[in-house]
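Dropping entry-v9.cif in here (mmCIF, C-alpha atoms):
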data_entry
loop_
_atom_site.label_atom_id
_atom_site.label_comp_id
_atom_site.auth_asym_id
_atom_site.auth_seq_id
_atom_site.Cartn_x
_atom_site.Cartn_y
_atom_site.Cartn_z
CA MET A 1 56.99 -37.41 87.22
CA THR A 2 57.04 -41.15 87.48
CA GLN A 3 58.27 -43.40 84.71
CA THR A 4 54.74 -44.60 84.02
CA GLU A 5 53.40 -41.05 83.63
CA ALA A 6 56.24 -40.13 81.29
CA GLN A 7 55.49 -43.11 79.07
CA GLU A 8 51.78 -42.19 78.88
CA GLU A 9 52.71 -38.61 77.92
CA ARG A 10 54.95 -39.85 75.06
CA ASN A 11 52.15 -42.13 73.79
CA HIS A 12 49.73 -39.20 73.85
CA ASP A 13 52.11 -37.00 71.83
CA LEU A 14 52.61 -39.77 69.27
CA THR A 15 48.87 -40.29 68.85
CA THR A 16 48.34 -36.55 68.40
CA ALA A 17 51.06 -36.36 65.77
CA ARG A 18 49.52 -39.24 63.80
CA SER A 19 46.10 -37.63 63.86
CA TYR A 20 47.52 -34.56 62.11
CA THR A 21 49.56 -36.45 59.56
CA PRO A 22 48.50 -35.09 56.10
CA GLN A 23 46.70 -37.60 53.83
CA PRO A 24 48.45 -38.57 50.60
CA SER A 25 47.23 -36.67 47.48
CA PRO A 26 46.23 -38.44 44.25
CA SER A 27 49.13 -39.46 42.10
CA PRO A 28 50.16 -36.99 39.37
CA SER A 29 49.31 -39.52 36.68
CA MET A 30 45.74 -39.93 37.94
CA SER A 31 45.25 -36.15 38.15
CA ASN A 32 46.48 -35.73 34.61
CA LYS A 33 44.09 -38.42 33.38
CA LEU A 34 41.12 -36.72 35.05
CA LYS A 35 42.10 -33.33 33.63
CA THR A 36 42.44 -34.84 30.16
CA ILE A 37 39.03 -36.54 30.33
CA PHE A 38 37.14 -33.46 31.54
CA GLY A 39 39.10 -31.26 29.17
CA LYS A 40 37.94 -33.38 26.23
CA ILE A 41 34.33 -33.14 27.41
CA LYS A 42 34.61 -29.38 27.65
CA ARG A 43 36.19 -29.03 24.21
CA SER A 44 33.85 -31.50 22.49
CA ASN A 45 31.85 -30.29 19.51
CA SER A 46 28.83 -31.97 21.05
CA GLY A 47 28.75 -29.45 23.90
CA THR A 48 28.97 -29.92 27.65
CA LEU A 49 26.84 -31.91 29.99
CA ASP A 50 24.96 -28.72 30.87
CA ASP A 51 23.90 -28.34 27.24
CA MET A 52 21.79 -31.50 27.15
CA THR A 53 18.62 -29.66 28.12
CA ASN A 54 17.37 -26.13 27.78
CA ASN A 55 15.61 -24.05 30.38
CA GLU A 56 12.36 -25.92 29.81
CA GLY A 57 14.04 -29.28 30.27
CA GLU A 58 13.59 -30.24 26.63
CA PHE A 59 16.21 -31.82 24.39
CA LYS A 60 18.58 -29.35 22.80
CA ARG A 61 20.42 -30.06 19.58
CA GLY A 62 24.17 -29.95 20.03
CA GLY A 63 24.13 -31.56 23.47
CA VAL A 64 25.78 -34.81 24.43
CA ARG A 65 24.26 -37.34 22.04
CA ALA A 66 25.12 -40.21 19.80
CA THR A 67 25.05 -39.59 16.07
CA ALA A 68 24.60 -42.08 13.26
CA SER A 69 27.34 -40.49 11.21
CA ALA A 70 29.80 -37.65 11.09
CA ARG A 71 28.35 -34.19 10.73
CA LEU A 72 28.68 -32.36 7.45
CA GLY A 73 31.48 -29.93 8.13
CA TRP A 74 30.70 -27.87 5.04
CA ARG A 75 27.10 -27.19 6.01
CA SER A 76 26.47 -23.58 6.91
CA THR A 77 24.56 -22.78 10.11
CA VAL A 78 23.08 -19.63 8.54
CA PRO A 79 19.70 -20.17 6.82
CA TYR A 80 19.94 -19.62 3.07
CA ARG A 81 17.40 -18.19 0.65
CA ASN A 82 17.80 -17.71 -3.07
CA PRO A 83 17.92 -14.04 -4.14
CA ASP A 84 14.49 -12.62 -4.95
CA LYS A 85 15.27 -12.14 -8.62
CA PRO A 86 15.70 -14.30 -11.74
CA PHE A 87 18.81 -16.43 -11.87
CA ASN A 88 19.99 -14.53 -14.95
CA ASP A 89 20.39 -11.42 -12.78
CA TRP A 90 22.50 -13.01 -10.04
CA ASP A 91 25.93 -11.50 -9.58
CA LEU A 92 29.13 -13.45 -8.87
CA ASP A 93 28.89 -13.12 -5.07
CA GLU A 94 25.33 -14.48 -5.08
CA ILE A 95 26.37 -17.40 -7.26
CA CYS A 96 29.27 -18.21 -4.92
CA LEU A 97 26.96 -18.07 -1.90
CA TRP A 98 24.59 -20.43 -3.70
CA PHE A 99 27.47 -22.83 -4.39
CA ASP A 100 28.24 -22.77 -0.68
CA HIS A 101 24.61 -23.69 0.02
CA LEU A 102 24.96 -26.64 -2.36
CA GLY A 103 28.01 -27.82 -0.42
CA LEU A 104 30.34 -26.96 -3.29
CA ASP A 105 32.23 -24.08 -1.68
CA ILE A 106 35.46 -25.99 -2.39
CA TYR A 107 35.16 -24.67 -5.95
CA GLU A 108 34.65 -21.00 -5.04
CA GLU A 109 38.15 -19.92 -6.00
CA GLN A 110 37.97 -21.61 -9.41
CA LEU A 111 34.44 -20.29 -9.92
CA ARG A 112 35.48 -16.69 -9.25
CA GLU A 113 38.51 -17.05 -11.50
CA TRP A 114 36.29 -18.39 -14.27
CA LEU A 115 33.47 -15.83 -14.10
CA LYS A 116 35.17 -12.70 -12.76
CA LYS A 117 35.70 -11.26 -16.25
CA SER A 118 32.14 -11.95 -17.32
CA THR A 119 29.55 -9.17 -17.40
CA GLU A 120 26.78 -11.78 -17.15
CA PRO A 121 28.07 -14.58 -14.89
CA ALA A 122 24.74 -16.35 -14.46
CA PRO A 123 23.86 -16.59 -18.18
CA ASP A 124 27.40 -17.80 -18.88
CA LEU A 125 26.90 -20.49 -16.24
CA ILE A 126 23.63 -21.56 -17.90
CA ARG A 127 25.26 -21.75 -21.34
CA ALA A 128 28.28 -23.72 -20.05
CA SER A 129 28.66 -27.29 -21.27
CA PRO A 130 29.56 -30.27 -19.07
CA VAL A 131 33.06 -30.09 -20.49
CA ASP A 132 33.31 -26.44 -19.42
CA PHE A 133 32.46 -27.32 -15.83
CA GLU A 134 35.01 -30.12 -15.86
CA LYS A 135 37.72 -27.86 -17.25
CA GLU A 136 37.12 -24.58 -15.42
CA LEU A 137 36.31 -25.92 -11.96
CA SER A 138 38.76 -28.84 -11.87
CA LEU A 139 36.03 -31.02 -10.36
CA ARG A 140 37.17 -33.32 -7.59
CA HIS A 141 34.30 -35.79 -7.82
CA ALA A 142 32.60 -37.25 -10.86
CA LEU A 143 29.10 -36.54 -9.53
CA HIS A 144 29.72 -32.89 -8.66
CA ARG A 145 29.31 -31.95 -12.32
CA LYS A 146 25.92 -33.62 -12.38
CA LYS A 147 24.89 -31.83 -9.20
CA ILE A 148 25.83 -28.44 -10.68
CA ILE A 149 24.08 -29.03 -14.01
CA LEU A 150 20.84 -30.23 -12.39
CA ALA A 151 20.86 -27.36 -9.91
CA VAL A 152 21.47 -24.72 -12.61
CA ALA A 153 18.70 -26.18 -14.77
CA ASP A 154 16.31 -26.15 -11.80
CA VAL A 155 17.05 -22.68 -10.44
CA SER A 156 17.23 -21.04 -13.87
CA GLY A 157 13.90 -22.55 -14.96
CA LYS A 158 15.49 -24.36 -17.87
CA THR A 159 13.68 -27.59 -17.05
CA ASP A 160 9.95 -28.28 -17.01
CA ASP A 161 10.33 -31.38 -14.83
CA GLU A 162 8.09 -30.58 -11.86
CA LEU A 163 9.37 -33.55 -9.89
CA LEU A 164 12.92 -32.28 -10.28
CA LYS A 165 11.82 -28.96 -8.81
CA CYS A 166 10.21 -30.75 -5.85
CA ALA A 167 13.31 -32.89 -5.35
CA GLY A 168 15.41 -29.71 -5.38
CA MET A 169 14.08 -28.89 -1.91
CA LEU A 170 15.91 -31.88 -0.42
CA ASP A 171 19.56 -31.33 0.46
CA THR A 172 22.37 -33.70 1.41
CA THR A 173 21.35 -33.73 5.07
CA TRP A 174 17.95 -35.11 4.11
CA VAL A 175 19.52 -37.71 1.82
CA LEU A 176 21.72 -39.01 4.65
CA ARG A 177 18.66 -39.41 6.84
CA TRP A 178 16.91 -41.12 3.93
CA LEU A 179 19.72 -43.71 3.87
CA ASP A 180 18.82 -44.55 7.47
CA ASP A 181 15.14 -44.74 6.53
CA VAL A 182 15.70 -47.22 3.71
CA GLY A 183 18.13 -49.28 5.78
CA ILE A 184 21.46 -48.78 3.98
CA PRO A 185 23.40 -46.32 6.17
CA GLN A 186 26.72 -47.91 5.16
CA TYR A 187 26.78 -45.65 2.07
CA LYS A 188 26.77 -42.36 3.98
CA ASN A 189 30.44 -41.63 3.34
CA SER A 190 30.17 -42.04 -0.43
CA PHE A 191 26.90 -40.07 -0.57
CA THR A 192 28.47 -37.27 1.47
CA ALA A 193 31.53 -37.12 -0.78
CA ALA A 194 29.23 -36.85 -3.83
CA ARG A 195 27.09 -34.17 -2.11
CA MET A 196 24.03 -36.19 -3.09
CA ASP A 197 20.74 -34.32 -2.97
CA GLY A 198 17.13 -34.87 -4.05
CA ARG A 199 17.72 -33.85 -7.66
CA MET A 200 20.54 -36.37 -8.02
CA LEU A 201 18.41 -39.14 -6.53
CA HIS A 202 15.59 -38.31 -8.94
CA LYS A 203 18.02 -38.56 -11.88
CA LEU A 204 20.19 -41.37 -10.47
CA THR A 205 21.65 -43.58 -13.21
CA ILE A 206 23.35 -46.95 -13.33
CA ASP A 207 26.64 -45.19 -14.06
CA ASP A 208 26.31 -43.17 -10.85
CA LEU A 209 26.22 -46.32 -8.73
CA ALA A 210 29.89 -47.06 -9.39
CA HIS A 211 30.87 -43.64 -8.01
CA LEU A 212 28.69 -44.31 -4.96
CA GLN A 213 30.33 -47.74 -4.50
CA ILE A 214 27.00 -49.58 -4.80
CA SER A 215 27.16 -52.98 -6.49
CA SER A 216 24.59 -55.15 -4.67
CA CYS A 217 21.47 -55.97 -6.69
CA LEU A 218 19.54 -56.03 -3.43
CA HIS A 219 20.57 -52.48 -2.56
CA VAL A 220 19.95 -51.19 -6.08
CA SER A 221 16.45 -52.61 -6.00
CA SER A 222 15.85 -51.06 -2.58
CA ILE A 223 16.95 -47.65 -3.87
CA ARG A 224 14.86 -47.99 -7.03
CA CYS A 225 11.69 -48.76 -5.06
CA SER A 226 12.29 -45.86 -2.69
CA ILE A 227 12.82 -43.43 -5.58
CA GLN A 228 9.60 -44.72 -7.13
CA LEU A 229 7.79 -44.04 -3.87
CA MET A 230 9.25 -40.56 -3.47
CA ARG A 231 8.16 -39.65 -6.99
CA GLN A 232 4.64 -40.79 -6.15
CA GLU A 233 4.77 -38.58 -3.06
CA LYS A 234 6.22 -35.64 -5.08
CA TRP A 235 9.37 -35.80 -2.95
CA ARG A 236 7.62 -34.67 0.22
CA PRO A 237 10.38 -34.75 2.84
CA GLU A 238 8.21 -36.01 5.72
CA CYS A 239 6.11 -38.63 3.91
CA LEU A 240 7.93 -41.66 5.36
CA ILE A 241 6.59 -43.31 8.51
CA ARG A 242 9.39 -43.45 11.04
CA ARG A 243 7.56 -43.52 14.35
CA THR A 244 5.99 -46.62 15.83
CA LEU A 245 2.23 -46.89 15.53
CA PRO A 246 -0.36 -48.88 17.47
CA LEU A 247 -1.26 -52.19 15.87
CA ASP A 248 -4.86 -51.15 15.23
CA SER A 249 -3.72 -48.08 13.24
CA ILE A 250 -1.87 -50.06 10.57
CA ILE A 251 -3.32 -49.23 7.15
CA LYS A 252 -2.21 -51.53 4.36
CA ASN A 253 -2.02 -48.68 1.87
CA ASP A 254 0.55 -46.99 4.10
CA VAL A 255 2.92 -49.97 4.27
CA ARG A 256 4.75 -48.56 1.25
CA LEU A 257 5.68 -45.55 3.42
CA TRP A 258 7.30 -47.66 6.12
CA THR A 259 10.94 -47.10 6.91
CA THR A 260 13.26 -49.92 7.93
CA GLN A 261 12.70 -48.98 11.59
CA ARG A 262 8.93 -49.34 11.12
CA VAL A 263 9.43 -52.77 9.52
CA CYS A 264 11.44 -53.85 12.57
CA GLU A 265 8.60 -52.66 14.80
CA TRP A 266 6.18 -54.81 12.81
CA LEU A 267 8.48 -57.80 13.32
CA ARG A 268 8.23 -57.18 17.05
CA VAL A 269 4.43 -57.18 16.82
CA VAL A 270 4.42 -60.57 15.04
CA ASP A 271 6.82 -62.08 17.63
CA LEU A 272 9.95 -62.04 15.45
CA ALA A 273 11.81 -59.27 17.26
CA GLU A 274 14.88 -61.42 17.88
CA TYR A 275 15.51 -61.58 14.12
CA SER A 276 14.97 -57.87 13.31
CA PRO A 277 18.62 -56.80 13.97
CA ASN A 278 19.63 -59.05 11.06
CA LEU A 279 17.98 -56.60 8.63
CA ASN A 280 20.67 -53.98 9.28
CA GLY A 281 22.30 -52.89 6.03
CA PHE A 282 20.02 -54.85 3.67
CA GLY A 283 17.71 -51.96 2.70
CA VAL A 284 14.37 -53.52 3.62
CA HIS A 285 11.55 -50.97 3.80
CA GLY A 286 7.86 -50.82 2.93
CA ALA A 287 8.17 -49.70 -0.69
CA PHE A 288 10.77 -52.39 -1.33
CA MET A 289 8.47 -55.12 -0.01
CA ILE A 290 5.52 -53.90 -2.11
CA PHE A 291 7.01 -52.63 -5.38
CA GLU A 292 9.70 -55.30 -5.88
CA VAL A 293 8.00 -58.40 -7.32
CA LYS A 294 11.08 -60.45 -6.43
CA PHE A 295 10.79 -59.62 -2.75
CA THR A 296 9.10 -62.74 -1.40
CA ALA A 297 8.53 -64.28 2.01
CA GLU A 298 11.39 -66.69 1.28
CA LEU A 299 13.81 -63.82 0.59
CA PHE A 300 12.54 -62.05 3.71
CA ALA A 301 13.27 -65.14 5.81
CA ASP A 302 16.76 -65.38 4.32
CA LEU A 303 17.47 -61.73 5.14
CA LEU A 304 16.29 -62.30 8.69
CA LYS A 305 18.60 -65.35 8.82
CA ILE A 306 15.86 -67.69 9.93
CA PRO A 307 17.34 -71.20 9.49
CA THR A 308 15.71 -73.27 6.76
CA SER A 309 15.26 -76.04 9.30
CA LYS A 310 12.77 -73.88 11.22
CA THR A 311 9.93 -74.48 8.80
CA LEU A 312 7.19 -73.48 11.26
CA LEU A 313 8.87 -70.13 11.92
CA ARG A 314 9.26 -69.45 8.20
CA ARG A 315 5.62 -70.39 7.65
CA HIS A 316 4.66 -68.03 10.47
CA LEU A 317 6.53 -65.18 8.73
CA ALA A 318 4.99 -66.01 5.34
CA THR A 319 1.48 -65.91 6.81
CA HIS A 320 1.94 -62.49 8.37
CA PHE A 321 3.79 -61.22 5.29
CA LYS A 322 0.84 -62.18 3.09
CA ASP A 323 -1.62 -60.58 5.48
CA LEU A 324 0.42 -57.37 5.57
CA LEU A 325 0.83 -56.91 1.82
CA GLY A 326 -2.59 -58.18 0.78
CA ARG A 327 -3.75 -60.87 -1.61
CA GLU A 328 -3.43 -58.82 -4.80
CA ILE A 329 0.23 -57.92 -4.27
CA ILE A 330 1.10 -61.48 -3.29
CA GLN A 331 -0.62 -62.73 -6.46
CA VAL A 332 1.47 -60.36 -8.61
CA LYS A 333 4.63 -61.74 -6.99
CA ARG A 334 3.56 -65.34 -7.65
CA GLU A 335 2.78 -64.60 -11.29
CA ALA A 336 6.22 -63.05 -11.69
CA GLU A 337 7.83 -66.15 -10.16
CA ASN A 338 6.04 -68.34 -12.71
CA THR A 339 7.26 -66.25 -15.63
CA LEU A 340 9.73 -67.95 -17.96
CA GLY A 341 13.28 -66.79 -17.29
CA PHE A 342 12.50 -65.43 -13.83
CA GLN A 343 15.64 -64.96 -11.72
CA PRO A 344 15.06 -64.56 -7.99
CA LEU A 345 16.69 -61.76 -6.06
CA THR A 346 19.52 -63.00 -3.88
CA ILE A 347 21.65 -61.51 -1.13
CA THR A 348 24.94 -61.97 -2.97
CA ALA A 349 23.94 -60.93 -6.52
CA LYS A 350 25.96 -58.04 -8.02
CA ILE A 351 25.02 -55.63 -10.78
CA LYS A 352 26.90 -55.71 -14.07
CA THR A 353 27.89 -52.32 -15.42
CA PRO A 354 29.00 -52.14 -19.06
CA LYS A 355 32.67 -51.39 -19.50
CA LYS A 356 33.47 -48.27 -21.46
CA SER A 357 36.33 -48.11 -23.87
CA GLN A 358 38.76 -45.23 -24.03
CA PHE A 359 37.41 -44.38 -27.48
CA SER A 360 33.82 -44.01 -26.24
CA LEU A 361 34.94 -41.68 -23.44
CA LYS A 362 36.77 -39.44 -25.87
CA ARG A 363 33.75 -39.24 -28.12
CA LYS A 364 31.51 -38.36 -25.20
CA LYS A 365 33.75 -35.44 -24.23
CA SER A 366 33.29 -33.90 -27.65
CA THR A 367 29.57 -33.45 -27.06
CA LYS A 368 28.53 -29.78 -27.06
CA GLY A 369 25.80 -28.10 -25.14
CA ASN A 370 24.38 -28.52 -21.67
CA SER A 371 22.20 -31.50 -20.76
CA LEU A 372 20.19 -32.32 -17.67
CA GLU A 373 21.93 -35.64 -17.37
CA GLY A 374 25.32 -34.09 -16.86
CA ASP A 375 26.51 -35.72 -20.09
CA GLU A 376 25.91 -39.18 -18.59
CA ARG A 377 24.00 -42.19 -19.83
CA THR A 378 20.28 -42.02 -19.06
CA ASP A 379 19.83 -45.57 -17.81
CA TYR A 380 17.96 -44.53 -14.71
CA VAL A 381 18.05 -46.73 -11.64
CA CYS A 382 14.30 -46.05 -11.46
CA PRO A 383 12.92 -45.49 -14.99
CA MET A 384 10.67 -42.46 -15.33
CA ARG A 385 7.88 -44.54 -16.82
CA VAL A 386 7.19 -46.29 -13.50
CA SER A 387 7.06 -43.09 -11.45
CA GLY A 388 3.30 -43.24 -11.20
CA HIS A 389 2.92 -47.00 -11.10
#
If you convert what's in this file into structure tokens, what do you get?
Amino acid sequence: MTQTEAQEERNHDLTTARSYTPQPSPSPSMSNKLKTIFGKIKRSNSGTLDDMTNNEGEFKRGGVRATASARLGWRSTVPYRNPDKPFNDWDLDEICLWFDHLGLDIYEEQLREWLKKSTEPAPDLIRASPVDFEKELSLRHALHRKKIILAVADVSGKTDDELLKCAGMLDTTWVLRWLDDVGIPQYKNSFTAARMDGRMLHKLTIDDLAHLQISSCLHVSSIRCSIQLMRQEKWRPECLIRRTLPLDSIIKNDVRLWTTQRVCEWLRVVDLAEYSPNLNGFGVHGAFMIFEVKFTAELFADLLKIPTSKTLLRRHLATHFKDLLGREIIQVKREAENTLGFQPLTITAKIKTPKKSQFSLKRKKSTKGNSLEGDERTDYVCPMRVSGH
């Protein structure tokens, strides 16, 4: 073999060896990161990627989705129905299961300890005073007592308030969605902690607002107008208009049913879509615009953050606002503005709650007997007299 041939053979062997050189594997750190990411997806409460659709290709609850707020961990997945017998005949297990349905299962141990020696647990629960609930259940939230008293009065038939019975069909899950509808979702945590339901909204008082951490006059007015609307609609859960509608299907009488999302859609129709995100968290909805005499085109422009220097744009909004609400409603608002002592509604205004002395609290605790107000003041956020206005 010549020297040249030997050199060519060595080059061939080297090339062959390189072609079979194993490729480097991903670094251990990268592999661990990928395993961690896919492990989290697999363990997620929202399901896996395969759960997004069912066999028919439709959306399936529990798939990968974005949620507006945390889920209610205490909510049971098993459908609940009240026992088919009068409340007076319920036994202790049935009462505890009902408490779980109300979202108050955290008190089950205290409830059993309280009523286990009773031969008639349900009648004893009906006869219990607000002070009894406070003492025996060691209540963890000030509004839980009110929830229990209203629920007992409703289920036992102790009240003749038909609207309270209708509101009793609406649970905390519905209330949290209602907060989205009226445009104040920032209160979901406090409403969840209070286990707010339809009955509590129907009987909501000024005192309750402090426990719900609500102090804005704007938000209080928004809530009041929505409660007024829901009373008119007999607390029908699906009465609010959430979906977008064609422009030619807008009926002025239905504006009061508009949610905040529907108001934003209307702003898009009147070429003000760029300002609609500014309404987030202010509680602007159809009933608020119609029922609140202090809700004017000027306040609307301020909430949308339209600069005062853009007079033509503000005039454009005022024109469409007047056309949407109608001449009669606009006239009522103008008459209210011309009333002596009128104070306009502002973004920064706060409610003033009367301070209670230690003496008044002690006197209130001495009150005997059960009351539908949960032994609270009856200064309703939405007075009962305007329920049919």
Nearby residues (all atoms listed in the file) at most 6 Å from stretch 203-212 of chain A, same-chain spacing under 5 positions excluded, as an NGL selection string: :A and (190 or 379-381)
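Each of A:Glu298, A:Lys352, A:Asp100, A:Gly183 was compared to A:Leu279 using all atoms listed in the file, and A:Gly183 turns out to be the nearest.
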Output of the PyMOL selection byres ((chain A and resi 144-157) around 9), listed as a ChimeraX atom specification: /A:82,86-88,99,102,104,122,125-126,129-130,133-134,139-143,158-161,164-165,168,194-197,199-200,203,370-376
Export of prior selection with C-alpha atoms as a short mmCIF file (atom, residue, chain, number, x, y, z; two decimals), in the frame of the given file:
data_model
loop_
_atom_site.label_atom_id
_atom_site.label_comp_id
_atom_site.auth_asym_id
_atom_site.auth_seq_id
_atom_site.Cartn_x
_atom_site.Cartn_y
_atom_site.Cartn_z
CA ASN A 82 17.80 -17.71 -3.07
CA PRO A 86 15.70 -14.30 -11.74
CA PHE A 87 18.81 -16.43 -11.87
CA ASN A 88 19.99 -14.53 -14.95
CA PHE A 99 27.47 -22.83 -4.39
CA LEU A 102 24.96 -26.64 -2.36
CA LEU A 104 30.34 -26.96 -3.29
CA ALA A 122 24.74 -16.35 -14.46
CA LEU A 125 26.90 -20.49 -16.24
CA ILE A 126 23.63 -21.56 -17.90
CA SER A 129 28.66 -27.29 -21.27
CA PRO A 130 29.56 -30.27 -19.07
CA PHE A 133 32.46 -27.32 -15.83
CA GLU A 134 35.01 -30.12 -15.86
CA LEU A 139 36.03 -31.02 -10.36
CA ARG A 140 37.17 -33.32 -7.59
CA HIS A 141 34.30 -35.79 -7.82
CA ALA A 142 32.60 -37.25 -10.86
CA LEU A 143 29.10 -36.54 -9.53
CA LYS A 158 15.49 -24.36 -17.87
CA THR A 159 13.68 -27.59 -17.05
CA ASP A 160 9.95 -28.28 -17.01
CA ASP A 161 10.33 -31.38 -14.83
CA LEU A 164 12.92 -32.28 -10.28
CA LYS A 165 11.82 -28.96 -8.81
CA GLY A 168 15.41 -29.71 -5.38
CA ALA A 194 29.23 -36.85 -3.83
CA ARG A 195 27.09 -34.17 -2.11
CA MET A 196 24.03 -36.19 -3.09
CA ASP A 197 20.74 -34.32 -2.97
CA ARG A 199 17.72 -33.85 -7.66
CA MET A 200 20.54 -36.37 -8.02
CA LYS A 203 18.02 -38.56 -11.88
CA ASN A 370 24.38 -28.52 -21.67
CA SER A 371 22.20 -31.50 -20.76
CA LEU A 372 20.19 -32.32 -17.67
CA GLU A 373 21.93 -35.64 -17.37
CA GLY A 374 25.32 -34.09 -16.86
CA ASP A 375 26.51 -35.72 -20.09
CA GLU A 376 25.91 -39.18 -18.59
#
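As for atom CA of A:Leu111 and atom CA of A:Leu137, they are spaced 6.3 Å apart.
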Of the listed residues A:Arg315, A:Lys294, A:Arg231, A:Arg262, that which approaches A:Thr346 most closely, counting all atoms listed in the file: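 Under the stated criterion, the closest residue is A:Lys294.
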Selection in question (the file shown): the PyMOL selection byres ((chain A and resi 176) around 8). Which residues does it include, as a compact mmCIF listing (two decimals) with C-alpha atoms, in the coordinates of the input?
# COMPACT_ATOMS: atom_id res chain seq x y z
CA THR A 172 22.37 -33.70 1.41
CA THR A 173 21.35 -33.73 5.07
CA TRP A 174 17.95 -35.11 4.11
CA VAL A 175 19.52 -37.71 1.82
CA ARG A 177 18.66 -39.41 6.84
CA TRP A 178 16.91 -41.12 3.93
CA LEU A 179 19.72 -43.71 3.87
CA ASP A 180 18.82 -44.55 7.47
CA PRO A 185 23.40 -46.32 6.17
CA LYS A 188 26.77 -42.36 3.98
CA PHE A 191 26.90 -40.07 -0.57
CA THR A 192 28.47 -37.27 1.47
Straight-line distance linking atom CA of A:Asn278 with atom CA of A:Cys225, stated in Å to one decimal: 20.7 Å
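Atom CA of A:Gln343 to atom CA of A:Val220 spans 15.5 Å [interatomic distance, one decimal].
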Could I get stretch 218-229 of chain A from the block written as a compact mmCIF listing (two decimals), in the first residue's frame, with N, CA, C and O atoms?
# COMPACT_ATOMS: atom_id res chain seq x y z
N LEU A 218 -70.54 55.83 44.74
CA LEU A 218 -70.83 55.38 43.38
C LEU A 218 -71.21 53.91 43.36
O LEU A 218 -72.21 53.50 42.74
N HIS A 219 -70.45 53.10 44.07
CA HIS A 219 -70.71 51.66 44.10
C HIS A 219 -71.98 51.33 44.87
O HIS A 219 -72.74 50.43 44.49
N VAL A 220 -72.23 52.05 45.95
CA VAL A 220 -73.45 51.84 46.72
C VAL A 220 -74.68 52.15 45.88
O VAL A 220 -75.67 51.41 45.88
N SER A 221 -74.61 53.24 45.12
CA SER A 221 -75.72 53.60 44.25
C SER A 221 -75.92 52.56 43.15
O SER A 221 -77.06 52.21 42.80
N SER A 222 -74.83 52.04 42.62
CA SER A 222 -74.91 51.00 41.60
C SER A 222 -75.59 49.75 42.15
O SER A 222 -76.46 49.16 41.49
N ILE A 223 -75.21 49.35 43.36
CA ILE A 223 -75.82 48.18 44.00
C ILE A 223 -77.29 48.42 44.29
O ILE A 223 -78.14 47.56 44.07
N ARG A 224 -77.61 49.61 44.79
CA ARG A 224 -79.00 49.94 45.11
C ARG A 224 -79.90 49.84 43.87
O ARG A 224 -80.98 49.25 43.91
N CYS A 225 -79.43 50.38 42.74
CA CYS A 225 -80.23 50.35 41.52
C CYS A 225 -80.39 48.93 40.99
O CYS A 225 -81.44 48.57 40.46
N SER A 226 -79.36 48.12 41.15
CA SER A 226 -79.46 46.73 40.68
C SER A 226 -80.41 45.93 41.56
O SER A 226 -81.18 45.10 41.05
N ILE A 227 -80.38 46.16 42.87
CA ILE A 227 -81.33 45.48 43.76
C ILE A 227 -82.76 45.89 43.42
O ILE A 227 -83.68 45.06 43.39
N GLN A 228 -82.95 47.18 43.14
CA GLN A 228 -84.27 47.67 42.75
C GLN A 228 -84.76 46.96 41.49
O GLN A 228 -85.92 46.54 41.39
N LEU A 229 -83.86 46.79 40.53
CA LEU A 229 -84.21 46.10 39.29
C LEU A 229 -84.56 44.64 39.56
O LEU A 229 -85.58 44.13 39.05
